[in-house]
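Everything on this sheet refers to the single structure shown next.
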Amino acid sequence: MPHTRRKKPSASQNKRLQLTDDSGWTHVTTNKHARRVRQSTPNPNTSVNGNGQDNDVEREEIPEQLVPAEAPPRTTFSDLQRQLELYRQRWENSATWGCVVEGLKCGVSSLTAQRKDEDEDEAEDGISIVCIGLGSPSGFLRGGWVDRRSVSMYQLAALASVLSWIENYTSSLTSKPRITAYAQDPVFNTYDESLLNSLNITVLAHPHAFQKVTKRTLLFCPGAERRHLEALLARDPAIVFGGPLDDIESDVVKSFVQNRESIRLKEFSELEAAFWGMSVYFPAPEVEEDGLESKESEADPKG
């Protein structure tokens, strides 16, 4: 029986690469377009030059720049709206959303109480909602290699619910509630921007959404990278929906967490990955001058 000769694949074909991103996660890919990312932990075998830098730094390549997600050819805006409504119904029927509501009650109540002590100019600022790192609810990422649409759609549903809840809550307290909402992500495509605009959420280009974060902001950051979290939390937002933050090795993040209380979200059974390990962080209640105990000490039977 004659032998067939097959061409051997080249050494570079289907080569698996390990890539480490800025947040410390290591990914394995066979994408020939992927670029190498420098490890955050220096190699002890690497020599150092006179400037205190590794000699091979110049040979390292920066992470591939993110581009707008690619929506499937048959995507329509009306289909995306119907999908968002379905996801939102599932989300608001979950115990996970119930945990978010409890956190919002504590956080927004703190903001409205604080507003009474502010002057009129500061009070006019209202409450802002800033969304960072949502991803694309409509398209594929990384040149079509990553499909994260369901995760992003559920997170968008959660953002819509948060915005609606705050609007309803503040309208019961003041005749002129002022809520502004912004979102920023380099992977947003035109469908994503249209969805966000339909919810009265303004899409901004980097870094303008970062600049919108103040002490009267609810920061919605379920997919933000560590380096972005450090920049955002340094601006001291009042409430944060995201995480998990407690295990991040960063002085900025640790300082923020230590000055906040939090409610851990229950597992979202529809898609656990969409809200895994997340919490709502909000300002701790101030201790009354007459010596009343704080919330933590009251909950401790040994206190």
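Ordering of the structure tokens sets the chain letters (A, B, ...); residue numbers start at 1 within each chain; ligands are numbered from 1 in the order shown.
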
Residues of region 136-245 of chain A that have any atom at most 12 Å from an atom of region 96-110 of chain A: could you tabulate them with the shortest-distance atom pair and the distance in Å to one decimal, using only C-alpha atoms, ordered by chain and increasing number, as JSON lines?
```
{"residue": "A:Tyr154", "atom": "CA", "partner": "A:Trp97", "partner_atom": "CA", "distance": 11.3}
{"residue": "A:Gln155", "atom": "CA", "partner": "A:Trp97", "partner_atom": "CA", "distance": 11.2}
{"residue": "A:Ala157", "atom": "CA", "partner": "A:Trp97", "partner_atom": "CA", "distance": 10.5}
{"residue": "A:Ala158", "atom": "CA", "partner": "A:Trp97", "partner_atom": "CA", "distance": 7.8}
{"residue": "A:Leu159", "atom": "CA", "partner": "A:Val100", "partner_atom": "CA", "distance": 10.8}
{"residue": "A:Ala160", "atom": "CA", "partner": "A:Trp97", "partner_atom": "CA", "distance": 11.8}
{"residue": "A:Ser161", "atom": "CA", "partner": "A:Trp97", "partner_atom": "CA", "distance": 8.7}
{"residue": "A:Val162", "atom": "CA", "partner": "A:Leu104", "partner_atom": "CA", "distance": 8.1}
{"residue": "A:Leu163", "atom": "CA", "partner": "A:Leu104", "partner_atom": "CA", "distance": 10.5}
{"residue": "A:Ser164", "atom": "CA", "partner": "A:Val101", "partner_atom": "CA", "distance": 11.4}
{"residue": "A:Trp165", "atom": "CA", "partner": "A:Val101", "partner_atom": "CA", "distance": 8.1}
{"residue": "A:Ile166", "atom": "CA", "partner": "A:Val108", "partner_atom": "CA", "distance": 7.6}
{"residue": "A:Glu167", "atom": "CA", "partner": "A:Val108", "partner_atom": "CA", "distance": 10.6}
{"residue": "A:Asn168", "atom": "CA", "partner": "A:Val108", "partner_atom": "CA", "distance": 11.6}
{"residue": "A:Tyr169", "atom": "CA", "partner": "A:Val108", "partner_atom": "CA", "distance": 8.5}
{"residue": "A:Thr170", "atom": "CA", "partner": "A:Val108", "partner_atom": "CA", "distance": 8.3}
{"residue": "A:Ser172", "atom": "CA", "partner": "A:Ser109", "partner_atom": "CA", "distance": 11.9}
{"residue": "A:Leu173", "atom": "CA", "partner": "A:Ser109", "partner_atom": "CA", "distance": 10.0}
{"residue": "A:Ile179", "atom": "CA", "partner": "A:Val108", "partner_atom": "CA", "distance": 11.8}
{"residue": "A:Lys215", "atom": "CA", "partner": "A:Ser110", "partner_atom": "CA", "distance": 11.5}
{"residue": "A:Arg216", "atom": "CA", "partner": "A:Val108", "partner_atom": "CA", "distance": 9.4}
{"residue": "A:Thr217", "atom": "CA", "partner": "A:Val108", "partner_atom": "CA", "distance": 9.9}
{"residue": "A:Leu218", "atom": "CA", "partner": "A:Gly107", "partner_atom": "CA", "distance": 8.8}
{"residue": "A:Leu219", "atom": "CA", "partner": "A:Gly107", "partner_atom": "CA", "distance": 11.6}
{"residue": "A:Phe220", "atom": "CA", "partner": "A:Val100", "partner_atom": "CA", "distance": 11.7}
{"residue": "A:Pro237", "atom": "CA", "partner": "A:Gly107", "partner_atom": "CA", "distance": 10.8}
{"residue": "A:Ala238", "atom": "CA", "partner": "A:Gly107", "partner_atom": "CA", "distance": 7.3}
{"residue": "A:Ile239", "atom": "CA", "partner": "A:Gly107", "partner_atom": "CA", "distance": 6.1}
{"residue": "A:Val240", "atom": "CA", "partner": "A:Gly107", "partner_atom": "CA", "distance": 9.2}
{"residue": "A:Phe241", "atom": "CA", "partner": "A:Val100", "partner_atom": "CA", "distance": 8.3}
{"residue": "A:Gly242", "atom": "CA", "partner": "A:Val100", "partner_atom": "CA", "distance": 10.7}
```

How would the residues just chosen look if you wrote them out with N, CA and C atoms as a PDB file, in the first residue's frame?
```pdb
ATOM      1  N   TYR A 154     -26.559  40.573  29.995  1.00  0.00           N
ATOM      2  CA  TYR A 154     -27.091  40.511  31.359  1.00  0.00           C
ATOM      3  C   TYR A 154     -26.578  41.683  32.195  1.00  0.00           C
ATOM      4  N   GLN A 155     -25.327  42.046  32.004  1.00  0.00           N
ATOM      5  CA  GLN A 155     -24.786  43.182  32.749  1.00  0.00           C
ATOM      6  C   GLN A 155     -25.434  44.487  32.309  1.00  0.00           C
ATOM      7  N   ALA A 157     -28.516  44.645  31.232  1.00  0.00           N
ATOM      8  CA  ALA A 157     -29.837  44.558  31.858  1.00  0.00           C
ATOM      9  C   ALA A 157     -29.765  45.021  33.307  1.00  0.00           C
ATOM     10  N   ALA A 158     -28.700  44.618  34.012  1.00  0.00           N
ATOM     11  CA  ALA A 158     -28.523  45.049  35.398  1.00  0.00           C
ATOM     12  C   ALA A 158     -28.316  46.549  35.485  1.00  0.00           C
ATOM     13  N   LEU A 159     -27.531  47.112  34.565  1.00  0.00           N
ATOM     14  CA  LEU A 159     -27.310  48.559  34.543  1.00  0.00           C
ATOM     15  C   LEU A 159     -28.618  49.300  34.307  1.00  0.00           C
ATOM     16  N   ALA A 160     -29.439  48.803  33.378  1.00  0.00           N
ATOM     17  CA  ALA A 160     -30.739  49.429  33.106  1.00  0.00           C
ATOM     18  C   ALA A 160     -31.627  49.385  34.343  1.00  0.00           C
ATOM     19  N   SER A 161     -31.612  48.270  35.061  1.00  0.00           N
ATOM     20  CA  SER A 161     -32.424  48.136  36.274  1.00  0.00           C
ATOM     21  C   SER A 161     -31.945  49.088  37.359  1.00  0.00           C
ATOM     22  N   VAL A 162     -30.634  49.217  37.495  1.00  0.00           N
ATOM     23  CA  VAL A 162     -30.062  50.123  38.499  1.00  0.00           C
ATOM     24  C   VAL A 162     -30.469  51.564  38.197  1.00  0.00           C
ATOM     25  N   LEU A 163     -30.350  51.961  36.942  1.00  0.00           N
ATOM     26  CA  LEU A 163     -30.711  53.328  36.548  1.00  0.00           C
ATOM     27  C   LEU A 163     -32.182  53.597  36.816  1.00  0.00           C
ATOM     28  N   SER A 164     -33.050  52.676  36.438  1.00  0.00           N
ATOM     29  CA  SER A 164     -34.486  52.843  36.649  1.00  0.00           C
ATOM     30  C   SER A 164     -34.827  52.904  38.131  1.00  0.00           C
ATOM     31  N   TRP A 165     -34.175  52.042  38.928  1.00  0.00           N
ATOM     32  CA  TRP A 165     -34.462  52.014  40.373  1.00  0.00           C
ATOM     33  C   TRP A 165     -34.070  53.337  41.023  1.00  0.00           C
ATOM     34  N   ILE A 166     -32.899  53.853  40.691  1.00  0.00           N
ATOM     35  CA  ILE A 166     -32.436  55.108  41.297  1.00  0.00           C
ATOM     36  C   ILE A 166     -33.334  56.268  40.885  1.00  0.00           C
ATOM     37  N   GLU A 167     -33.749  56.286  39.632  1.00  0.00           N
ATOM     38  CA  GLU A 167     -34.653  57.343  39.181  1.00  0.00           C
ATOM     39  C   GLU A 167     -35.960  57.320  39.964  1.00  0.00           C
ATOM     40  N   ASN A 168     -36.528  56.141  40.150  1.00  0.00           N
ATOM     41  CA  ASN A 168     -37.784  56.022  40.888  1.00  0.00           C
ATOM     42  C   ASN A 168     -37.600  56.366  42.354  1.00  0.00           C
ATOM     43  N   TYR A 169     -36.497  55.946  42.930  1.00  0.00           N
ATOM     44  CA  TYR A 169     -36.255  56.189  44.353  1.00  0.00           C
ATOM     45  C   TYR A 169     -36.050  57.671  44.635  1.00  0.00           C
ATOM     46  N   THR A 170     -35.230  58.326  43.825  1.00  0.00           N
ATOM     47  CA  THR A 170     -34.951  59.738  44.072  1.00  0.00           C
ATOM     48  C   THR A 170     -36.146  60.629  43.742  1.00  0.00           C
ATOM     49  N   SER A 172     -39.109  60.027  44.476  1.00  0.00           N
ATOM     50  CA  SER A 172     -39.989  60.020  45.646  1.00  0.00           C
ATOM     51  C   SER A 172     -39.475  60.938  46.745  1.00  0.00           C
ATOM     52  N   LEU A 173     -38.222  61.391  46.604  1.00  0.00           N
ATOM     53  CA  LEU A 173     -37.622  62.236  47.634  1.00  0.00           C
ATOM     54  C   LEU A 173     -37.531  63.698  47.219  1.00  0.00           C
ATOM     55  N   ILE A 179     -30.455  62.631  37.411  1.00  0.00           N
ATOM     56  CA  ILE A 179     -29.634  61.450  37.247  1.00  0.00           C
ATOM     57  C   ILE A 179     -29.007  61.492  35.860  1.00  0.00           C
ATOM     58  N   LYS A 215     -17.594  61.990  43.970  1.00  0.00           N
ATOM     59  CA  LYS A 215     -18.065  61.416  45.235  1.00  0.00           C
ATOM     60  C   LYS A 215     -19.574  61.221  45.249  1.00  0.00           C
ATOM     61  N   ARG A 216     -20.249  61.593  44.165  1.00  0.00           N
ATOM     62  CA  ARG A 216     -21.690  61.387  44.046  1.00  0.00           C
ATOM     63  C   ARG A 216     -22.008  60.435  42.879  1.00  0.00           C
ATOM     64  N   THR A 217     -21.078  59.509  42.646  1.00  0.00           N
ATOM     65  CA  THR A 217     -21.200  58.599  41.515  1.00  0.00           C
ATOM     66  C   THR A 217     -21.444  57.174  41.968  1.00  0.00           C
ATOM     67  N   LEU A 218     -22.312  56.483  41.221  1.00  0.00           N
ATOM     68  CA  LEU A 218     -22.398  55.037  41.313  1.00  0.00           C
ATOM     69  C   LEU A 218     -21.570  54.498  40.157  1.00  0.00           C
ATOM     70  N   LEU A 219     -20.495  53.807  40.487  1.00  0.00           N
ATOM     71  CA  LEU A 219     -19.600  53.239  39.489  1.00  0.00           C
ATOM     72  C   LEU A 219     -20.018  51.798  39.204  1.00  0.00           C
ATOM     73  N   PHE A 220     -20.426  51.554  37.967  1.00  0.00           N
ATOM     74  CA  PHE A 220     -20.846  50.229  37.519  1.00  0.00           C
ATOM     75  C   PHE A 220     -19.688  49.657  36.710  1.00  0.00           C
ATOM     76  N   PRO A 237     -15.647  57.142  44.322  1.00  0.00           N
ATOM     77  CA  PRO A 237     -17.084  57.091  44.024  1.00  0.00           C
ATOM     78  C   PRO A 237     -17.870  56.631  45.252  1.00  0.00           C
ATOM     79  N   ALA A 238     -19.090  57.097  45.360  1.00  0.00           N
ATOM     80  CA  ALA A 238     -19.892  56.774  46.547  1.00  0.00           C
ATOM     81  C   ALA A 238     -20.261  55.296  46.588  1.00  0.00           C
ATOM     82  N   ILE A 239     -20.703  54.755  45.465  1.00  0.00           N
ATOM     83  CA  ILE A 239     -21.198  53.381  45.392  1.00  0.00           C
ATOM     84  C   ILE A 239     -20.489  52.678  44.241  1.00  0.00           C
ATOM     85  N   VAL A 240     -20.172  51.405  44.435  1.00  0.00           N
ATOM     86  CA  VAL A 240     -19.552  50.616  43.378  1.00  0.00           C
ATOM     87  C   VAL A 240     -20.299  49.295  43.239  1.00  0.00           C
ATOM     88  N   PHE A 241     -20.646  48.973  42.000  1.00  0.00           N
ATOM     89  CA  PHE A 241     -21.224  47.675  41.648  1.00  0.00           C
ATOM     90  C   PHE A 241     -20.151  46.964  40.831  1.00  0.00           C
ATOM     91  N   GLY A 242     -19.525  45.938  41.426  1.00  0.00           N
ATOM     92  CA  GLY A 242     -18.457  45.248  40.722  1.00  0.00           C
ATOM     93  C   GLY A 242     -17.687  44.339  41.645  1.00  0.00           C
TER      94      GLY A 242
END
```

From a DSSP pass on the backbone, collect the residues of region 64-288 of chain A flagged as alpha helix (DSSP H) and hand them back as a PyMOL selection string.
chain A and resi 77-92+95-115+120-123+149-171+190-198+208-211+226-233+251-258

If DSSP is run on the backbone, what residues of region 86-261 of chain A are strand (DSSP E or B)? A reply as a PyMOL selection string would be ideal.
chain A and resi 127-132+140-141+146+179-184+202-203+217-221+239-242+260-261

Among listed residues A:Trp91, A:Ser279, A:Leu271, A:Glu261, nearest Pro244 (chain A) (using only C-alpha atoms)
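For Pro244 (chain A), the nearest of the candidates is A:Ser279.
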
Using only C-alpha atoms, which residues sit within 12 Å of Asp247 (chain A) once same-chain residues fewer than 4 positions away are excluded, as a list in words?
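With the cut-off at 12 Å, the set is Arg226, Gly243, Asp251, Val253, Lys254, Val257, Gly277 and Met278 of chain A.
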
Find, counting only C-alpha atoms, the residue in A:Glu193, A:Asp236, A:Glu230, A:Glu272 that gets nearest to Thr214 (chain A).
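Smallest distance to Thr214 (chain A) is found for A:Asp236.
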